[in-house]
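Okay, so here's the structure we're looking at.
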Amino acid sequence: MKTIRLHFPNAHGEQLSAKLEMPVDKKPVAFALFAHCFTCSKNLMAVTHISRGLTAKGIAVLRFDFTGLGESEGDFADTNFSSNVEDLIVAAEYLKTEYEAPKLLVGHSLGGAAVLIAANKLAYIEAVATVGAPADPPHIKHLFSSSIDEIKASGKADVSLGGRPFTIKKQFIDDLKHYEQSEGIKNLNKPLLILHSPQDETVDIKNAEKIYTTAMHPKSYISLDGADHLLTDKVDAQYVGEVVASWAKRYVSFEESIDLTTDRQVVVRNEKDNGLLTEVVANGHYLITDEPTDVGGTNLGGTPYDLLVASLGACTAMTIRMYANHKGIDLQEVKVHLSREKRHAADAMNLDENSKVEFIDRELELTGNLSEAERNRIVEIADKCPVHKTLTKGLQVTTVLK
């Protein structure tokens with residue numbers, strides 16, 4: 001999957017850190033918003049694997065760190081369940097404004113309880129899936145039950161959750177009292193998928209039963225037999241993503257994806273509704289190109305010039321690798337750093353003083369037990385890559401109507 005790192009402000013102006021995972025082989029058929037478990041972060045491996053299961057089916061996924069967690073700003077001690085729901089709504093609105101409104105909400109553990117509430121506040125959500133979710137948010141108090149008395153007496157307490165220290169304030173406990181979810185689940189009015197493990201020792205399977213019996217149809221339950229609460233087994237997490245994606249096809253209005261084919265080497269398609277976002281199929285491989293937001297694009301992909309420079313870099317690395325393998329040189333890794341800019345050429349005597357020439361600067365980073373002579377020879381070999389020759393010797397482009 002293709003990852004785009006994002007930041008957006010919460011309701012109090014603090015920056016939330018997020019990742020937008022995009023399918024690598026097709027245009028997204030829909031967007032989903034993922035809410036992770038209590039005190040977890042967007043980088044939890046289970047979250048990553050679930051996202052991969054979804055993107056493999058063409059669903060783009062936005063996952064983010066709640067206020068005070070992971071790479072997001074703010075103090076976790078000042079947050080509560082209500083602020084988590086608020087963050088979810090802010091994230092959904094950001095996705096709607098900058099990309100496309102999410103149609104699917106997926107929540108893990110307490111994130112599952114949060115999406116059940118947020119879904120009622122977001123009209124564009126078409127379906128909801130929960131994974132190991134508590135039927136009522138107050139359920140999580142058992143995670144720090146030994147500190148409840150101290151929290152009530154002192155106003156706060158330092159507790160260990162998942163092996164990490166966190167400060168829990170009395171306001172967090174008080175906030176949970178306002179949430180009894182039965183009516184919210186009953187009035188969800190959206191298709192609901194409940195995934196839960198019978199062996200879950202953190203959130204008992206009875207919670208899934210309560211959610212299922214309270215919810216109105218359409219509703220579905222999938223047993224994650226053998227899985228633990230955090231889905232630490234990669235297979236379990238990927239299974240969740242694949243099941244959610246397959247289930248969503250029945251209830252979410254996926255954008256129709258028209259295959260992009262050609263009898264030529266490359267075909268490129270731009271559609272009016274997508275602005276500058278452009279699809280490319282190169283020898284059967286899908287990718288996208290775009291422009292930054294400040295020039296009217298959506299920044300979902302590299303620019304055409306980025307792809308041009310990247311092709312030179314890729315060809316350079318491949319050429320060097322083939323040479324090193326052929327000569328038996330101990331080249332463990334080659335990195336090619338490139339940048340493109342327009343600047344005055346000192347030897348361009350036929351240009352006026354305002355003219356500039358296109359330059360691509362290429363820097364080789366070689367790792368391995370290489371002699372000075374081998375390193376110098378590799379620099380010479382870099383200039384022999386086919387793309388380099390094409391760019392420097394010139395080419396002709398002919399254009400006709402099809």
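Ligands are numbered from 1 in the order shown, residues from 1 within each chain, and chains are lettered A, B, ... in the order they appear in the structure tokens.
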Quick one: residues within 6 Å of region 11-28 of chain A, only C-alpha atoms counted, chain neighbours fewer than 6 positions away excluded, as a PDB file with C-alpha atoms, in the first residue's frame?
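Listed below is the output, part_12.pdb:
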```pdb
ATOM      1  CA  MET A   1       0.000   0.000   0.000  1.00  0.00           C
ATOM      2  CA  LYS A   2       1.062   3.606  -0.583  1.00  0.00           C
ATOM      3  CA  THR A   3       1.364   5.704   2.593  1.00  0.00           C
ATOM      4  CA  ILE A   4       0.772   9.458   2.768  1.00  0.00           C
ATOM      5  CA  ARG A   5       1.715  11.147   6.056  1.00  0.00           C
ATOM      6  CA  THR A  55      -6.258  -1.484   0.695  1.00  0.00           C
ATOM      7  CA  GLY A  58      -9.213  -1.058  -3.130  1.00  0.00           C
ATOM      8  CA  ILE A  59     -10.319   0.749   0.056  1.00  0.00           C
ATOM      9  CA  ALA A  60      -8.167   3.691   1.173  1.00  0.00           C
ATOM     10  CA  VAL A  61      -7.727   3.924   4.951  1.00  0.00           C
ATOM     11  CA  LEU A  62      -7.029   6.945   7.168  1.00  0.00           C
ATOM     12  CA  ARG A  63      -5.611   6.016  10.583  1.00  0.00           C
ATOM     13  CA  PHE A  64      -4.458   8.579  13.105  1.00  0.00           C
ATOM     14  CA  ASP A  65      -3.205   9.067  16.657  1.00  0.00           C
ATOM     15  CA  GLU A  71       2.940  11.407  17.309  1.00  0.00           C
ATOM     16  CA  SER A  72      -0.079  13.643  17.948  1.00  0.00           C
ATOM     17  CA  GLU A  73       0.135  16.764  20.064  1.00  0.00           C
ATOM     18  CA  TYR A 286      -0.776   0.673 -11.876  1.00  0.00           C
TER      19      TYR A 286
END
```
Please provide as a PyMOL selection string all residues within 7 Å of region 330-337 of chain A, with the sequence filter that same-chain residues fewer than 3 positions apart are discarded (counting only C-alpha atoms). chain A and resi 313+317+324+362-370
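The smallest atom-to-atom distance between Ser253 (chain A) and any of A:Leu104, A:Ala118, A:Leu192, A:Ala135, using only C-alpha atoms, is found for A:Leu104.
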A:Pro102, A:Pro138, A:Pro304, A:Gly296: which is nearest Ala114 (chain A), counting only C-alpha atoms?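 Nearest to Ala114 (chain A): A:Pro138.
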Counting only C-alpha atoms, which residues in region 162-269 of chain A sit no more than 8 Å from region 81-86 of chain A? For each one, give the nearest pair of atoms and the distance in Å, sorted by chain then residue number, as JSON lines.
```
{"residue": "A:Phe172", "atom": "CA", "partner": "A:Phe81", "partner_atom": "CA", "distance": 7.3}
{"residue": "A:Asp175", "atom": "CA", "partner": "A:Phe81", "partner_atom": "CA", "distance": 6.8}
{"residue": "A:Leu176", "atom": "CA", "partner": "A:Phe81", "partner_atom": "CA", "distance": 6.7}
```
Export N, CA, C and O atoms of the chosen residues as a CSV table (one decimal), in the first residue's frame?
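Final output, again_32.csv:
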```
chain,number,residue,atom,x,y,z
A,172,PHE,N,-11.7,11.7,33.4
A,172,PHE,CA,-11.8,10.6,32.5
A,172,PHE,C,-12.9,9.7,33.0
A,172,PHE,O,-13.7,9.2,32.2
A,175,ASP,N,-16.3,11.2,32.7
A,175,ASP,CA,-16.8,11.3,31.4
A,175,ASP,C,-17.4,10.0,30.9
A,175,ASP,O,-18.5,10.0,30.2
A,176,LEU,N,-16.9,8.9,31.4
A,176,LEU,CA,-17.4,7.5,31.0
A,176,LEU,C,-18.8,7.3,31.5
A,176,LEU,O,-19.6,6.5,30.9
```
Just the alpha helix (DSSP H) stuff from region 41-258 of chain A, please, per backbone DSSP, written as JSON, numbers by chain. {"A": [45, 46, 47, 48, 49, 50, 51, 52, 53, 54, 55, 81, 82, 83, 84, 85, 86, 87, 88, 89, 90, 91, 92, 93, 94, 95, 96, 97, 98, 110, 111, 112, 113, 114, 115, 116, 117, 118, 148, 149, 150, 151, 152, 153, 154, 170, 171, 172, 173, 174, 175, 176, 182, 183, 184, 185, 186, 206, 207, 208, 209, 210, 211, 212, 213, 214, 234, 235, 236, 237, 238, 239, 240, 241, 242, 243, 244, 245, 246, 247, 248, 249, 250, 251]}
Where does DSSP see strand (DSSP E) in region 4-144 of chain A, if you list the residues as an mmCIF file with C-alpha atoms, in the first residue's frame?
```cif
data_model
loop_
_atom_site.group_PDB
_atom_site.id
_atom_site.type_symbol
_atom_site.label_atom_id
_atom_site.label_comp_id
_atom_site.auth_asym_id
_atom_site.auth_seq_id
_atom_site.Cartn_x
_atom_site.Cartn_y
_atom_site.Cartn_z
ATOM 1 C CA ILE A 4 0.772 9.458 2.768
ATOM 2 C CA ARG A 5 1.715 11.147 6.056
ATOM 3 C CA LEU A 6 -0.697 13.868 7.139
ATOM 4 C CA HIS A 7 -1.324 16.310 9.984
ATOM 5 C CA PHE A 8 -4.515 18.156 10.830
ATOM 6 C CA PRO A 9 -5.719 20.136 13.875
ATOM 7 C CA GLN A 15 -1.943 18.744 15.477
ATOM 8 C CA LEU A 16 -3.007 15.128 15.032
ATOM 9 C CA SER A 17 -0.636 12.798 13.200
ATOM 10 C CA ALA A 18 -2.162 10.516 10.569
ATOM 11 C CA LYS A 19 -1.397 8.118 7.757
ATOM 12 C CA LEU A 20 -3.525 7.702 4.659
ATOM 13 C CA GLU A 21 -3.007 4.248 3.177
ATOM 14 C CA MET A 22 -3.819 4.043 -0.540
ATOM 15 C CA ALA A 30 -14.021 4.077 -1.202
ATOM 16 C CA PHE A 31 -12.384 5.668 1.847
ATOM 17 C CA ALA A 32 -12.462 4.265 5.384
ATOM 18 C CA LEU A 33 -11.569 5.801 8.755
ATOM 19 C CA PHE A 34 -9.918 3.588 11.375
ATOM 20 C CA ALA A 35 -10.029 4.152 15.149
ATOM 21 C CA ILE A 59 -10.319 0.749 0.056
ATOM 22 C CA ALA A 60 -8.167 3.691 1.173
ATOM 23 C CA VAL A 61 -7.727 3.924 4.951
ATOM 24 C CA LEU A 62 -7.029 6.945 7.168
ATOM 25 C CA ARG A 63 -5.611 6.016 10.583
ATOM 26 C CA PHE A 64 -4.458 8.579 13.105
ATOM 27 C CA LEU A 104 -16.799 3.075 6.263
ATOM 28 C CA LEU A 105 -15.855 3.377 9.948
ATOM 29 C CA VAL A 106 -13.717 0.653 11.531
ATOM 30 C CA GLY A 107 -12.943 0.652 15.247
ATOM 31 C CA HIS A 108 -10.757 -1.632 17.366
ATOM 32 C CA ALA A 127 -21.375 1.097 7.266
ATOM 33 C CA VAL A 128 -19.607 0.380 10.564
ATOM 34 C CA ALA A 129 -17.327 -2.458 11.689
ATOM 35 C CA THR A 130 -16.097 -3.089 15.241
ATOM 36 C CA VAL A 131 -13.261 -5.373 16.343
#
```
Need to verify the contact set: region 140-157 of chain A, 12 Å, only C-alpha atoms, exclusion of same-chain residues closer than 3 positions in sequence. Can you return it as a PyMOL selection string? chain A and resi 37-39+77-78+80-81+109-111+113+133-137+160-163+165-177+179+201-204+207
Just the number, please: distance in Å from CA of Glu256 (chain A) to CA of Thr298 (chain A), one decimal. 20.4 Å
Find the residues near Gly284 (chain A): any atom within 10 Å, counting only C-alpha atoms, skip ones fewer than 4 places away on the same chain, and give them as a list in words.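 After dropping sequence-adjacent residues, the list is Asp25, Leu260, Thr261, Thr262, Gln265, Val266, Val267 and Val280 of chain A.
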How many Å lie between CA of Arg340 (chain A) and CA of Leu391 (chain A), rounded to one decimal? 13.0 Å
